[in-house]
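Engineer: File follows, start-v9.txt with compact mmCIF, C-alpha atoms and all ligand atoms:
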# COMPACT_ATOMS: atom_id res chain seq x y z
CA MET A 1 94.71 4.61 -58.24
CA ALA A 2 97.96 6.34 -59.05
CA GLU A 3 98.86 6.74 -62.70
CA ALA A 4 102.13 4.87 -62.10
CA ILE A 5 100.37 1.79 -60.78
CA LEU A 6 98.02 1.94 -63.73
CA HIS A 7 100.88 1.78 -66.14
CA GLU A 8 102.60 -0.87 -64.14
CA HIS A 9 99.66 -3.30 -64.28
CA LEU A 10 96.95 -2.22 -66.65
CA TYR A 11 98.83 -1.79 -69.89
CA PRO A 12 100.93 -4.95 -69.62
CA THR A 13 97.79 -6.95 -68.79
CA LEU A 14 95.90 -5.39 -71.70
CA LYS A 15 98.77 -6.32 -73.99
CA LYS A 16 99.48 -9.76 -72.62
CA TYR A 17 95.95 -11.16 -72.51
CA PHE A 18 94.08 -9.11 -75.10
CA GLY A 19 96.85 -8.01 -77.43
CA TYR A 20 95.95 -4.30 -77.40
CA ASP A 21 98.21 -1.32 -76.77
CA GLN A 22 95.56 1.26 -76.04
CA PHE A 23 92.28 1.48 -74.22
CA ARG A 24 89.15 2.53 -76.00
CA PRO A 25 87.41 5.66 -74.68
CA GLN A 26 86.24 5.19 -71.08
CA GLN A 27 87.70 1.72 -70.60
CA LYS A 28 90.59 2.86 -68.44
CA GLU A 29 88.40 5.02 -66.22
CA ILE A 30 85.89 2.21 -65.79
CA ILE A 31 88.52 -0.41 -65.02
CA THR A 32 90.18 1.87 -62.49
CA ASN A 33 86.87 2.48 -60.76
CA VAL A 34 86.22 -1.26 -60.53
CA LEU A 35 89.71 -2.00 -59.25
CA GLU A 36 89.18 0.57 -56.53
CA GLY A 37 86.29 -1.56 -55.34
CA ASN A 38 83.47 0.79 -56.41
CA ASP A 39 80.15 -0.15 -57.90
CA THR A 40 79.92 0.85 -61.53
CA LEU A 41 77.29 1.24 -64.24
CA VAL A 42 78.50 1.16 -67.83
CA ILE A 43 76.38 2.25 -70.76
CA MET A 44 78.31 1.67 -73.94
CA PRO A 45 77.07 0.94 -77.43
CA THR A 46 77.43 -2.53 -78.88
CA GLY A 47 80.96 -3.09 -80.10
CA GLY A 48 82.27 -0.39 -77.77
CA GLY A 49 84.33 -2.84 -75.74
CA LYS A 50 82.38 -3.59 -72.59
CA SER A 51 83.84 -7.04 -71.91
CA ILE A 52 87.34 -5.86 -71.12
CA CYS A 53 85.88 -3.55 -68.46
CA TYR A 54 85.31 -6.57 -66.22
CA GLN A 55 87.66 -9.13 -67.77
CA LEU A 56 90.78 -7.09 -67.15
CA PRO A 57 90.00 -6.31 -63.49
CA ALA A 58 89.18 -10.01 -63.05
CA LEU A 59 92.78 -10.82 -63.94
CA LEU A 60 94.18 -8.38 -61.41
CA PHE A 61 91.86 -9.28 -58.54
CA GLU A 62 92.42 -12.27 -56.33
CA GLY A 63 89.50 -14.68 -56.55
CA VAL A 64 86.91 -15.10 -59.25
CA THR A 65 84.74 -12.56 -61.05
CA LEU A 66 81.20 -13.78 -61.46
CA VAL A 67 79.69 -12.80 -64.81
CA ILE A 68 75.90 -12.91 -64.94
CA SER A 69 74.73 -13.20 -68.52
CA PRO A 70 71.36 -14.15 -70.01
CA LEU A 71 72.82 -15.55 -73.20
CA ILE A 72 73.56 -19.17 -72.31
CA ALA A 73 74.10 -19.93 -75.99
CA LEU A 74 77.01 -17.48 -76.14
CA MET A 75 78.67 -18.50 -72.87
CA LYS A 76 80.66 -21.34 -74.31
CA ASP A 77 82.07 -19.16 -77.10
CA GLN A 78 82.97 -16.45 -74.63
CA VAL A 79 84.74 -18.90 -72.35
CA ASP A 80 86.54 -20.59 -75.26
CA GLY A 81 87.74 -17.18 -76.40
CA LEU A 82 89.09 -16.36 -72.95
CA ASN A 83 90.78 -19.74 -72.59
CA ALA A 84 92.43 -19.24 -75.96
CA ASN A 85 93.90 -16.02 -74.56
CA GLY A 86 95.29 -17.91 -71.59
CA ILE A 87 92.63 -16.80 -69.13
CA GLU A 88 91.21 -19.31 -66.66
CA ALA A 89 87.47 -19.09 -67.25
CA GLU A 90 84.47 -21.40 -67.01
CA TYR A 91 80.73 -21.25 -67.33
CA PHE A 92 78.17 -22.77 -65.03
CA ASN A 93 74.69 -23.71 -66.14
CA SER A 94 72.05 -26.41 -66.18
CA SER A 95 73.49 -28.09 -69.28
CA GLN A 96 76.37 -29.50 -67.18
CA ASP A 97 76.22 -32.68 -65.08
CA SER A 98 76.70 -32.49 -61.34
CA LEU A 99 80.24 -33.85 -61.54
CA LYS A 100 81.32 -31.02 -63.80
CA GLN A 101 79.50 -28.51 -61.62
CA GLN A 102 81.26 -29.76 -58.51
CA GLU A 103 84.58 -29.57 -60.27
CA ILE A 104 83.90 -25.91 -61.07
CA LEU A 105 82.91 -25.10 -57.50
CA ASP A 106 86.16 -26.69 -56.31
CA GLN A 107 88.15 -24.61 -58.76
CA VAL A 108 86.53 -21.47 -57.37
CA ALA A 109 87.30 -22.46 -53.80
CA GLN A 110 90.91 -23.10 -54.79
CA LYS A 111 90.99 -19.70 -56.51
CA LYS A 112 92.00 -21.24 -59.79
CA LEU A 113 89.41 -19.45 -61.88
CA LYS A 114 89.47 -15.80 -62.89
CA LEU A 115 86.03 -15.65 -64.50
CA LEU A 116 82.89 -17.70 -64.06
CA TYR A 117 79.94 -17.10 -66.41
CA VAL A 118 76.58 -18.00 -65.00
CA ALA A 119 72.95 -17.58 -66.03
CA PRO A 120 70.76 -15.92 -63.40
CA GLU A 121 68.66 -19.10 -63.19
CA SER A 122 71.71 -21.07 -62.03
CA LEU A 123 72.83 -18.68 -59.30
CA SER A 124 71.01 -20.57 -56.56
CA ALA A 125 73.27 -23.57 -57.20
CA LEU A 126 76.27 -21.41 -56.34
CA ASN A 127 75.30 -20.72 -52.72
CA ASP A 128 78.36 -22.48 -51.33
CA ILE A 129 80.80 -20.22 -53.12
CA LEU A 130 78.96 -16.92 -52.75
CA LYS A 131 81.45 -15.77 -50.16
CA GLU A 132 83.42 -12.61 -50.11
CA SER A 133 86.71 -14.43 -49.90
CA TYR A 134 86.06 -16.21 -53.21
CA ILE A 135 84.19 -13.63 -55.26
CA SER A 136 86.27 -10.60 -56.17
CA CYS A 137 83.76 -8.84 -58.36
CA ILE A 138 80.33 -9.35 -59.93
CA ALA A 139 79.68 -8.30 -63.51
CA ILE A 140 76.08 -8.09 -64.70
CA ASP A 141 75.93 -8.14 -68.46
CA GLU A 142 72.85 -6.95 -70.38
CA ALA A 143 71.85 -5.21 -67.19
CA HIS A 144 68.81 -3.59 -68.78
CA CYS A 145 67.10 -7.01 -68.50
CA ILE A 146 66.51 -6.30 -64.82
CA SER A 147 64.21 -3.39 -65.50
CA SER A 148 60.64 -3.53 -66.63
CA TRP A 149 61.29 0.03 -67.83
CA GLY A 150 63.69 -1.41 -70.35
CA HIS A 151 62.74 -3.13 -73.54
CA ASP A 152 63.89 -6.65 -72.82
CA PHE A 153 62.77 -7.42 -69.30
CA ARG A 154 63.66 -10.88 -67.95
CA PRO A 155 62.07 -12.04 -64.71
CA SER A 156 65.12 -14.15 -63.80
CA TYR A 157 67.09 -10.91 -63.51
CA GLN A 158 64.82 -9.58 -60.81
CA GLN A 159 66.35 -11.65 -58.05
CA LEU A 160 69.81 -10.17 -58.57
CA GLY A 161 69.26 -7.59 -55.85
CA PHE A 162 70.27 -10.21 -53.29
CA LEU A 163 73.86 -10.19 -54.52
CA LYS A 164 74.70 -6.85 -52.94
CA ARG A 165 72.95 -7.88 -49.71
CA SER A 166 74.92 -11.15 -49.48
CA LEU A 167 78.23 -9.70 -50.61
CA PRO A 168 78.18 -6.06 -49.55
CA GLN A 169 81.93 -5.55 -49.98
CA THR A 170 82.15 -7.03 -53.46
CA PRO A 171 82.07 -4.43 -56.25
CA ILE A 172 79.33 -4.82 -58.82
CA ILE A 173 79.71 -3.68 -62.40
CA ALA A 174 76.51 -3.56 -64.45
CA LEU A 175 76.80 -3.19 -68.22
CA THR A 176 74.38 -2.57 -71.04
CA ALA A 177 74.18 -1.03 -74.49
CA THR A 178 70.73 0.44 -74.14
CA ALA A 179 69.14 2.13 -71.19
CA ASP A 180 67.33 5.43 -71.00
CA LYS A 181 67.46 7.51 -67.84
CA ALA A 182 64.53 5.83 -66.10
CA THR A 183 65.96 2.40 -66.85
CA ARG A 184 69.39 3.38 -65.52
CA GLN A 185 67.85 4.57 -62.29
CA ASP A 186 65.85 1.38 -62.01
CA ILE A 187 68.95 -0.78 -62.58
CA LEU A 188 70.78 0.96 -59.72
CA GLU A 189 67.84 0.63 -57.37
CA GLN A 190 67.14 -2.99 -58.10
CA LEU A 191 70.77 -4.01 -57.81
CA ASN A 192 71.08 -2.07 -54.54
CA ILE A 193 73.95 -0.01 -55.86
CA PRO A 194 72.50 3.51 -55.57
CA ASN A 195 75.91 5.16 -55.46
CA ALA A 196 77.43 3.39 -58.41
CA GLN A 197 79.45 5.64 -60.63
CA GLN A 198 77.93 5.86 -64.09
CA PHE A 199 79.94 5.84 -67.29
CA LEU A 200 77.97 6.85 -70.35
CA SER A 201 79.79 6.48 -73.62
CA SER A 202 78.66 8.44 -76.59
CA PHE A 203 75.89 6.72 -78.44
CA ASP A 204 76.60 8.60 -81.58
CA ARG A 205 77.23 6.48 -84.62
CA LYS A 206 78.15 9.28 -86.97
CA ASN A 207 78.65 7.04 -89.98
CA ILE A 208 75.02 5.91 -90.05
CA LYS A 209 72.84 8.26 -92.06
CA LEU A 210 69.40 8.54 -90.50
CA GLU A 211 66.42 8.89 -92.80
CA VAL A 212 62.66 8.64 -92.41
CA ARG A 213 60.24 8.52 -95.33
CA PRO A 214 56.46 8.35 -95.58
CA ALA A 215 55.41 4.77 -96.27
CA GLU A 216 53.59 5.40 -99.55
CA ASN A 217 54.75 2.83 -102.08
CA ARG A 218 57.30 1.52 -99.69
CA VAL A 219 57.84 -1.72 -101.56
CA LYS A 220 58.78 0.21 -104.69
CA GLN A 221 60.93 2.57 -102.66
CA ILE A 222 62.74 -0.38 -101.10
CA LEU A 223 63.27 -2.11 -104.44
CA ASP A 224 64.75 1.10 -105.87
CA PHE A 225 66.91 1.58 -102.80
CA VAL A 226 68.30 -1.96 -102.88
CA GLU A 227 68.75 -2.01 -106.68
CA LYS A 228 71.17 0.87 -106.33
CA ARG A 229 73.14 -1.17 -103.81
CA ARG A 230 73.24 -4.59 -105.41
CA GLU A 231 76.62 -5.51 -103.99
CA GLU A 232 75.87 -4.36 -100.46
CA SER A 233 74.61 -6.22 -97.40
CA GLY A 234 71.52 -5.07 -95.61
CA ILE A 235 68.76 -6.01 -93.21
CA ILE A 236 65.10 -5.10 -93.68
CA TYR A 237 62.99 -5.37 -90.55
CA CYS A 238 59.28 -6.16 -90.93
CA LEU A 239 56.65 -6.56 -88.27
CA SER A 240 55.15 -9.84 -89.50
CA ARG A 241 56.53 -13.15 -90.69
CA LYS A 242 54.36 -12.93 -93.78
CA GLY A 243 55.79 -9.48 -94.48
CA THR A 244 59.36 -10.79 -94.47
CA GLU A 245 58.50 -13.56 -96.92
CA LYS A 246 56.60 -11.35 -99.35
CA LEU A 247 59.32 -8.74 -99.43
CA ALA A 248 62.10 -11.29 -99.88
CA GLU A 249 60.20 -12.75 -102.81
CA LYS A 250 59.82 -9.37 -104.49
CA LEU A 251 63.51 -8.66 -104.09
CA GLN A 252 64.34 -12.08 -105.54
CA HIS A 253 62.22 -11.23 -108.58
CA LYS A 254 64.52 -8.29 -109.13
CA GLY A 255 67.47 -10.66 -109.07
CA ILE A 256 68.61 -9.65 -105.62
CA LYS A 257 69.97 -12.33 -103.30
CA ALA A 258 67.39 -11.87 -100.59
CA THR A 259 65.92 -14.23 -98.04
CA ALA A 260 63.44 -14.20 -95.17
CA TYR A 261 64.15 -14.85 -91.50
CA HIS A 262 61.68 -15.23 -88.67
CA ALA A 263 61.00 -17.33 -85.60
CA GLY A 264 58.69 -19.63 -87.59
CA LEU A 265 61.62 -21.17 -89.44
CA SER A 266 63.36 -24.28 -88.16
CA PHE A 267 66.56 -23.91 -86.19
CA GLU A 268 68.56 -25.26 -89.13
CA ASP A 269 66.98 -22.85 -91.59
CA ARG A 270 67.64 -19.91 -89.33
CA SER A 271 71.27 -20.90 -88.82
CA LYS A 272 71.68 -21.23 -92.56
CA VAL A 273 70.24 -17.76 -93.21
CA GLN A 274 72.59 -16.28 -90.64
CA GLU A 275 75.60 -18.05 -92.04
CA ASP A 276 74.84 -17.16 -95.66
CA PHE A 277 74.44 -13.56 -94.61
CA ILE A 278 77.67 -13.48 -92.66
CA PHE A 279 79.56 -15.03 -95.58
CA ASP A 280 77.92 -12.71 -98.13
CA LYS A 281 76.08 -15.48 -99.98
CA THR A 282 72.87 -13.67 -99.13
CA LYS A 283 72.90 -9.91 -99.53
CA VAL A 284 69.61 -8.88 -97.97
CA VAL A 285 67.77 -10.48 -95.08
CA CYS A 286 64.11 -9.54 -94.62
CA ALA A 287 63.57 -10.32 -90.99
CA THR A 288 61.51 -9.88 -87.90
CA VAL A 289 63.28 -8.50 -84.83
CA ALA A 290 64.32 -12.07 -84.01
CA PHE A 291 67.25 -11.50 -86.37
CA GLY A 292 70.47 -9.83 -85.36
CA MET A 293 71.23 -10.70 -81.76
CA GLY A 294 74.75 -12.03 -81.58
CA ILE A 295 75.42 -11.57 -85.29
CA ASP A 296 78.82 -10.01 -85.70
CA LYS A 297 79.00 -8.70 -89.24
CA SER A 298 80.93 -5.52 -89.76
CA ASN A 299 79.96 -4.58 -93.32
CA VAL A 300 76.18 -4.29 -93.08
CA ARG A 301 75.62 -1.19 -95.23
CA PHE A 302 71.95 -0.53 -94.57
CA VAL A 303 69.15 -1.30 -92.15
CA ILE A 304 65.64 -0.59 -93.36
CA HIS A 305 62.55 -0.57 -91.18
CA TYR A 306 59.61 -1.52 -93.32
CA ASN A 307 57.47 -1.00 -90.21
CA MET A 308 58.05 1.29 -87.31
CA PRO A 309 59.75 -0.33 -84.27
CA LYS A 310 57.83 -0.16 -81.02
CA ASN A 311 60.37 1.96 -79.19
CA ILE A 312 63.56 3.93 -79.68
CA GLU A 313 65.72 1.41 -77.81
CA GLY A 314 64.74 -1.28 -80.30
CA TYR A 315 65.19 1.06 -83.26
CA TYR A 316 68.61 2.12 -82.04
CA GLN A 317 69.76 -1.43 -81.43
CA GLU A 318 68.60 -2.54 -84.88
CA ILE A 319 70.14 0.32 -86.85
CA GLY A 320 73.30 -0.20 -84.78
CA ARG A 321 73.87 -3.39 -86.76
CA ALA A 322 74.80 -1.22 -89.73
CA GLY A 323 78.29 0.14 -90.27
CA ARG A 324 80.23 -1.49 -87.47
CA ASP A 325 83.29 -1.06 -89.70
CA GLY A 326 82.84 2.70 -89.37
CA LEU A 327 82.13 3.21 -93.09
CA ALA A 328 79.16 5.19 -94.39
CA SER A 329 75.88 3.31 -93.87
CA ASN A 330 72.17 4.00 -94.06
CA ALA A 331 69.27 3.62 -91.68
CA LEU A 332 65.95 4.09 -93.46
CA LEU A 333 62.66 4.06 -91.60
CA PHE A 334 59.23 4.05 -93.23
CA HIS A 335 56.59 5.81 -91.26
CA THR A 336 52.83 5.43 -91.45
CA TYR A 337 50.18 6.05 -88.89
CA ALA A 338 48.73 2.61 -89.63
CA ASP A 339 51.80 1.05 -87.99
CA VAL A 340 51.33 3.15 -84.89
CA ILE A 341 47.76 1.95 -84.57
CA GLN A 342 48.78 -1.65 -85.02
CA LEU A 343 51.58 -1.38 -82.44
CA ARG A 344 49.14 0.18 -80.03
CA ARG A 345 46.84 -2.79 -80.53
CA PHE A 346 49.71 -5.10 -79.52
CA THR A 347 50.26 -3.28 -76.25
CA ALA A 348 46.60 -3.13 -75.32
CA GLY A 349 46.01 -5.00 -72.07
CA ALA A 350 49.71 -5.44 -71.27
CA SER A 351 50.58 -4.89 -67.61
CA ASN A 352 52.78 -1.95 -68.56
CA GLU A 353 50.59 -0.65 -71.36
CA ASP A 354 51.04 3.01 -70.40
CA LEU A 355 54.79 2.74 -70.37
CA GLN A 356 54.86 0.95 -73.71
CA ASN A 357 52.57 3.54 -75.26
CA ALA A 358 54.71 6.35 -73.92
CA LYS A 359 57.73 4.75 -75.56
CA LEU A 360 55.80 4.32 -78.77
CA ASP A 361 54.89 8.02 -78.69
CA ARG A 362 58.56 8.93 -78.47
CA MET A 363 59.26 6.71 -81.46
CA LYS A 364 56.49 8.44 -83.37
CA GLU A 365 57.86 11.86 -82.42
CA PHE A 366 61.22 10.83 -83.77
CA ALA A 367 59.64 9.74 -87.05
CA GLU A 368 57.71 13.00 -87.38
CA ALA A 369 60.52 15.27 -86.26
CA THR A 370 61.35 18.50 -88.03
CA ASP A 371 64.65 18.84 -86.14
CA CYS A 372 67.93 17.01 -86.62
CA ARG A 373 67.06 13.37 -86.00
CA ARG A 374 70.35 12.55 -84.35
CA LYS A 375 69.74 15.25 -81.79
CA ILE A 376 66.44 13.63 -80.92
CA LEU A 377 67.86 10.11 -80.90
CA LEU A 378 70.80 10.98 -78.68
CA GLY A 379 68.58 13.17 -76.54
CA TYR A 380 66.47 10.13 -75.82
CA PHE A 381 69.52 8.46 -74.28
CA GLY A 382 70.35 11.58 -72.31
CA GLU A 383 73.09 12.82 -74.59
CA TYR A 384 73.16 16.39 -75.81
CA LEU A 385 74.38 17.13 -79.32
CA GLU A 386 75.47 20.73 -79.67
CA GLU A 387 75.27 21.10 -83.44
CA ASN A 388 73.01 19.56 -86.03
CA CYS A 389 74.57 16.38 -87.34
CA GLY A 390 74.58 17.03 -91.07
CA ASN A 391 74.01 13.33 -91.73
CA CYS A 392 70.25 12.92 -91.48
CA ASP A 393 67.42 13.69 -93.86
CA VAL A 394 66.25 16.70 -91.86
CA CYS A 395 69.73 18.22 -91.85
CA GLU A 396 70.05 17.65 -95.56
CA ASN A 397 66.58 18.99 -96.37
CA PRO A 398 65.51 21.23 -93.54
CA PRO A 399 61.80 21.99 -93.57
CA ARG A 400 61.16 25.47 -94.97
CA PHE A 401 59.03 27.79 -92.91
CA PHE A 402 57.26 30.92 -94.10
CA ASP A 403 55.07 33.55 -92.50
CA GLY A 404 51.49 32.41 -93.11
CA THR A 405 49.72 35.06 -91.04
CA ILE A 406 48.14 36.89 -94.00
CA TYR A 407 47.01 33.64 -95.66
CA ALA A 408 45.47 32.44 -92.43
CA GLN A 409 43.67 35.75 -91.90
CA LYS A 410 42.30 35.70 -95.43
CA LEU A 411 41.11 32.13 -95.03
CA LEU A 412 39.42 32.82 -91.71
CA SER A 413 37.70 35.94 -93.00
CA CYS A 414 36.48 33.90 -95.95
CA VAL A 415 35.05 31.30 -93.58
CA ALA A 416 33.44 34.08 -91.52
CA ARG A 417 31.82 35.65 -94.56
CA LEU A 418 30.44 32.30 -95.71
P1 LIG B 1 80.57 -4.98 -76.47
O1 LIG B 1 80.43 -6.05 -75.42
O2 LIG B 1 80.58 -3.60 -75.91
O3 LIG B 1 79.62 -5.12 -77.61
P2 LIG B 1 83.11 -6.22 -76.92
O4 LIG B 1 83.60 -6.23 -75.54
O5 LIG B 1 82.62 -7.50 -77.51
O6 LIG B 1 82.01 -5.10 -77.12
O7 LIG B 1 84.24 -5.58 -77.85
C1 LIG B 1 84.01 -5.33 -79.21
C2 LIG B 1 85.29 -5.55 -79.99
O8 LIG B 1 86.23 -4.54 -79.65
C3 LIG B 1 85.96 -6.87 -79.67
O9 LIG B 1 86.40 -7.43 -80.87
C4 LIG B 1 87.11 -6.46 -78.77
O10 LIG B 1 88.17 -7.38 -78.84
C5 LIG B 1 87.48 -5.10 -79.33
N1 LIG B 1 88.16 -4.26 -78.32
C6 LIG B 1 87.78 -4.05 -77.04
N2 LIG B 1 88.63 -3.23 -76.40
C7 LIG B 1 89.58 -2.89 -77.30
C8 LIG B 1 90.77 -2.08 -77.26
N3 LIG B 1 91.13 -1.42 -76.14
N4 LIG B 1 91.50 -1.97 -78.38
C9 LIG B 1 91.13 -2.63 -79.51
N5 LIG B 1 90.05 -3.42 -79.62
C10 LIG B 1 89.28 -3.57 -78.54
ZN ZN B 2 70.85 15.77 -88.37
Would you mind giving the structure from this file in structure tokens?

Structural biologist:
Amino acid sequence: MAEAILHEHLYPTLKKYFGYDQFRPQQKEIITNVLEGNDTLVIMPTGGGKSICYQLPALLFEGVTLVISPLIALMKDQVDGLNANGIEAEYFNSSQDSLKQQEILDQVAQKKLKLLYVAPESLSALNDILKESYISCIAIDEAHCISSWGHDFRPSYQQLGFLKRSLPQTPIIALTATADKATRQDILEQLNIPNAQQFLSSFDRKNIKLEVRPAENRVKQILDFVEKRREESGIIYCLSRKGTEKLAEKLQHKGIKATAYHAGLSFEDRSKVQEDFIFDKTKVVCATVAFGMGIDKSNVRFVIHYNMPKNIEGYYQEIGRAGRDGLASNALLFHTYADVIQLRRFTAGASNEDLQNAKLDRMKEFAEATDCRRKILLGYFGEYLEENCGNCDVCENPPRFFDGTIYAQKLLSCVARL
């Protein structure tokens, strides 16, 4: 698309509906690709600005953009937000009565809607409007859910391959924050968009200091760490529910406003923990991985892993909750072989046991690395960092090597003589 046309439509639309003057890195290129009718795969870290990549084209296309999203709970908020910006949007799911659903289908047929959010489970109810003349574009959010190579596989995503077969002319844009190379390939294959152009944004979060420590005395290490940061917000991930409770208690004994969060708590209790954390009434949440999804808090200063996560995708997503404001933050991981053994026990017998163990091995390699950790982390996502980062424990304290040939020879000759 010519630069002139871009300026004519893109910038005024960005300003009018979203209030921004500039695009974030990659957004303009992605939007242009979509508007040209091409299939697109977007890998962009959380907070990078994925939504606009399909919302803005939706406004310029005739017809409705279908947004497939697994997070039914967030759909209403998303739609309310769009409506508040003057964008005609709706969501469609099983919580609505048939009258409301029919009303939405009519709106689509009359081309009154620009965006329609739908859970993959509800797609079958949309058969009547899955026509090229109505649907201008299909956005697939959290696209990694389609792949069993990914870390959050959802069976309901598996049927999405039919979309390209039914609507071959309609551009598809798939978006996710985490997908390694194998997962990306799998997404393209399953969605039947082998030629989609891929846009990989940098995954580097330079402001997060990466650190791994041996797990000896980790409770004491954590207490010391948090004591030095009494006024700061942080999340401590533990493997077990019991672990979150014990740790929260120990922190409370030190006078730190800490609390536990796990799936065993009631819905009300969990909501309260989240709210208190967001409004800084609680400083530290000791949580299982159930905590964090959809929590938008910019000033989380540290994320600690009491136990090792089961793969790098999970680790990356969890530490990514630190420092969204761009200020210096810490990611601290405790490493012990006991955790590796326990995680391996969890995967035993799973249908994709080999894959899960391979991912676990990569996580372990990261924890045991003697090279810049950021290089390894970014390398995992297919990104090459030219120089050492200078903001990880290895960079700050590089391992010292020395020539041990003579010592080794002496030792071996000693063994031989014995
Ligand atoms: P993601 O889905 O990638 O996590 P969002 O689409 O929710 O990210 O965007 C994250 C934040 O960035 C939102 O508050 C959004 O309004 C803001 N944002 C997106 N694009 C821009 C832009 N071009 N300029 C300024 N802020 C933006
Ligand atoms: Zn480094």

Engineer: Would you mind listing what lies within 8 Å of region 115-128 of chain A as JSON, numbers by chain, with only C-alpha atoms counted and same-chain residues fewer than 6 positions away left out?

Structural biologist: {"A": [55, 58, 64, 65, 66, 67, 68, 69, 70, 71, 72, 75, 79, 88, 89, 90, 91, 92, 93, 94, 105, 156, 157, 160]}

Engineer: Need to verify the contact set: Thr183 (chain A), 9 Å, only C-alpha atoms, exclusion of same-chain residues closer than 2 positions in sequence. Can you return it as a list in words?

Structural biologist: His144, Ile146, Ser147, Ser148, Trp149, Gly150, Thr178, Ala179, Asp180, Lys181, Gln185, Asp186, Ile187 and Leu188 of chain A

Engineer: Neighbouring residues of Tyr384 (chain A) were defined as those with any atom within 8 Å, considering all atoms listed in the file; residues of the same chain fewer than 3 positions away were excluded. Please report them as a ChimeraX atom specification.

Structural biologist: /A:375,378-379

Engineer: I'd like to know which of A:Glu268, A:Gln356, A:Gly49, A:Leu41 is closest to Glu189 (chain A), using only C-alpha atoms.

Structural biologist: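 Of all the options, A:Leu41 lies closest to Glu189 (chain A).
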
Engineer: Residues of chain A that have any atom at most 6 Å from an atom of ligand LIG 1 (chain B): could you tabulate them with the shortest-distance atom pair and the distance in Å to one decimal, using all atoms listed in the file, ordered by chain and increasing number, as CSV?

Structural biologist:
residue,atom,partner,partner_atom,distance
A:Tyr20,CA,B:LIG1,N4,5.1
A:Gln22,CA,B:LIG1,N3,5.2
A:Phe23,CA,B:LIG1,N3,3.7
A:Arg24,CA,B:LIG1,N3,4.4
A:Pro45,CA,B:LIG1,O2,5.9
A:Thr46,CA,B:LIG1,O3,3.6
A:Gly47,CA,B:LIG1,O3,3.5
A:Gly48,CA,B:LIG1,O2,4.1
A:Gly49,CA,B:LIG1,O7,3.5
A:Lys50,CA,B:LIG1,O2,3.8
A:Ser51,CA,B:LIG1,O4,3.7
A:Ile52,CA,B:LIG1,O4,5.8

Engineer: Could you give me, as a PyMOL selection string, every polymer residue with an atom at most 7 Å away from an atom of ligand ZN 2 (chain B), counting only C-alpha atoms and all ligand atoms?

Structural biologist: chain A and resi 372-375+388-395

Engineer: Would you save the residues of that selection, restricted to C-alpha atoms, as a short mmCIF file (atom, residue, chain, number, x, y, z; two decimals), in the coordinates of the input?

Structural biologist:
data_model
loop_
_atom_site.label_atom_id
_atom_site.label_comp_id
_atom_site.auth_asym_id
_atom_site.auth_seq_id
_atom_site.Cartn_x
_atom_site.Cartn_y
_atom_site.Cartn_z
CA CYS A 372 67.93 17.01 -86.62
CA ARG A 373 67.06 13.37 -86.00
CA ARG A 374 70.35 12.55 -84.35
CA LYS A 375 69.74 15.25 -81.79
CA ASN A 388 73.01 19.56 -86.03
CA CYS A 389 74.57 16.38 -87.34
CA GLY A 390 74.58 17.03 -91.07
CA ASN A 391 74.01 13.33 -91.73
CA CYS A 392 70.25 12.92 -91.48
CA ASP A 393 67.42 13.69 -93.86
CA VAL A 394 66.25 16.70 -91.86
CA CYS A 395 69.73 18.22 -91.85
#

Engineer: Find the residues around Thr176 (chain A) up to 7 Å (only C-alpha atoms counted), leave out those fewer than 6 positions away in its own chain, and share them as a PDB file with C-alpha atoms, keeping the file's coordinate frame.

Structural biologist:
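So the final result, stored in out_28.pdb, reads:
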ATOM      1  CA  VAL A  42      78.500   1.160 -67.830  1.00  0.00           C
ATOM      2  CA  ILE A  43      76.380   2.250 -70.760  1.00  0.00           C
ATOM      3  CA  MET A  44      78.310   1.670 -73.940  1.00  0.00           C
ATOM      4  CA  ASP A 141      75.930  -8.140 -68.460  1.00  0.00           C
ATOM      5  CA  GLU A 142      72.850  -6.950 -70.380  1.00  0.00           C
ATOM      6  CA  ALA A 143      71.850  -5.210 -67.190  1.00  0.00           C
ATOM      7  CA  HIS A 144      68.810  -3.590 -68.780  1.00  0.00           C
TER       8      HIS A 144
END

Engineer: So how far away is CA of Glu103 (chain A) from CA of Ala139 (chain A), in Å?

Structural biologist: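 Calculated distance between CA of Ala139 (chain A) and CA of Glu103 (chain A) is 22.1 Å.
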
Engineer: State, in Å with one decimal place, the distance from CA of Lys164 (chain A) to CA of Asn192 (chain A).

Structural biologist: 6.2 Å

Engineer: Go through A:Gln169, A:Leu200, A:Leu82, A:Cys145 and flag the residue nearest Ile30 (chain A), using all atoms listed in the file for the distances.

Structural biologist: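 So, comparing all the options, the nearest one is A:Leu200.
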
Engineer: With all atoms listed in the file as the atoms that count, which of A:Val273, A:Cys238, A:Ile304, A:Leu74 lies nearest to Asp339 (chain A)?

Structural biologist: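 For Asp339 (chain A), the nearest of the given residues is A:Cys238.
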
Engineer: Nearest to His262 (chain A): which of A:Thr32, A:Thr288, A:Thr170, A:Asn217 is it, counting only C-alpha atoms?

Structural biologist: A:Thr288

Engineer: Separation of CA of Arg345 (chain A) and CA of Gly320 (chain A), in Å?

Structural biologist: 26.9 Å

Engineer: Show me, as number ranges by chain, the residues that have an atom within 10 Å of Pro57 (chain A) when counting only C-alpha atoms, minus same-chain residues fewer than 4 positions from it.

Structural biologist: A: 10, 13, 30-36, 52-53, 61-62, 65, 114, 136-137

Engineer: For each of A:Ser413, A:Ser233, A:Asn38, A:Asn85, take the minimum atom-to-atom distance to Ala322 (chain A), counting all atoms listed in the file, then give the residue where this is smallest.

Structural biologist: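 Result for the nearest residue to Ala322 (chain A): A:Ser233.
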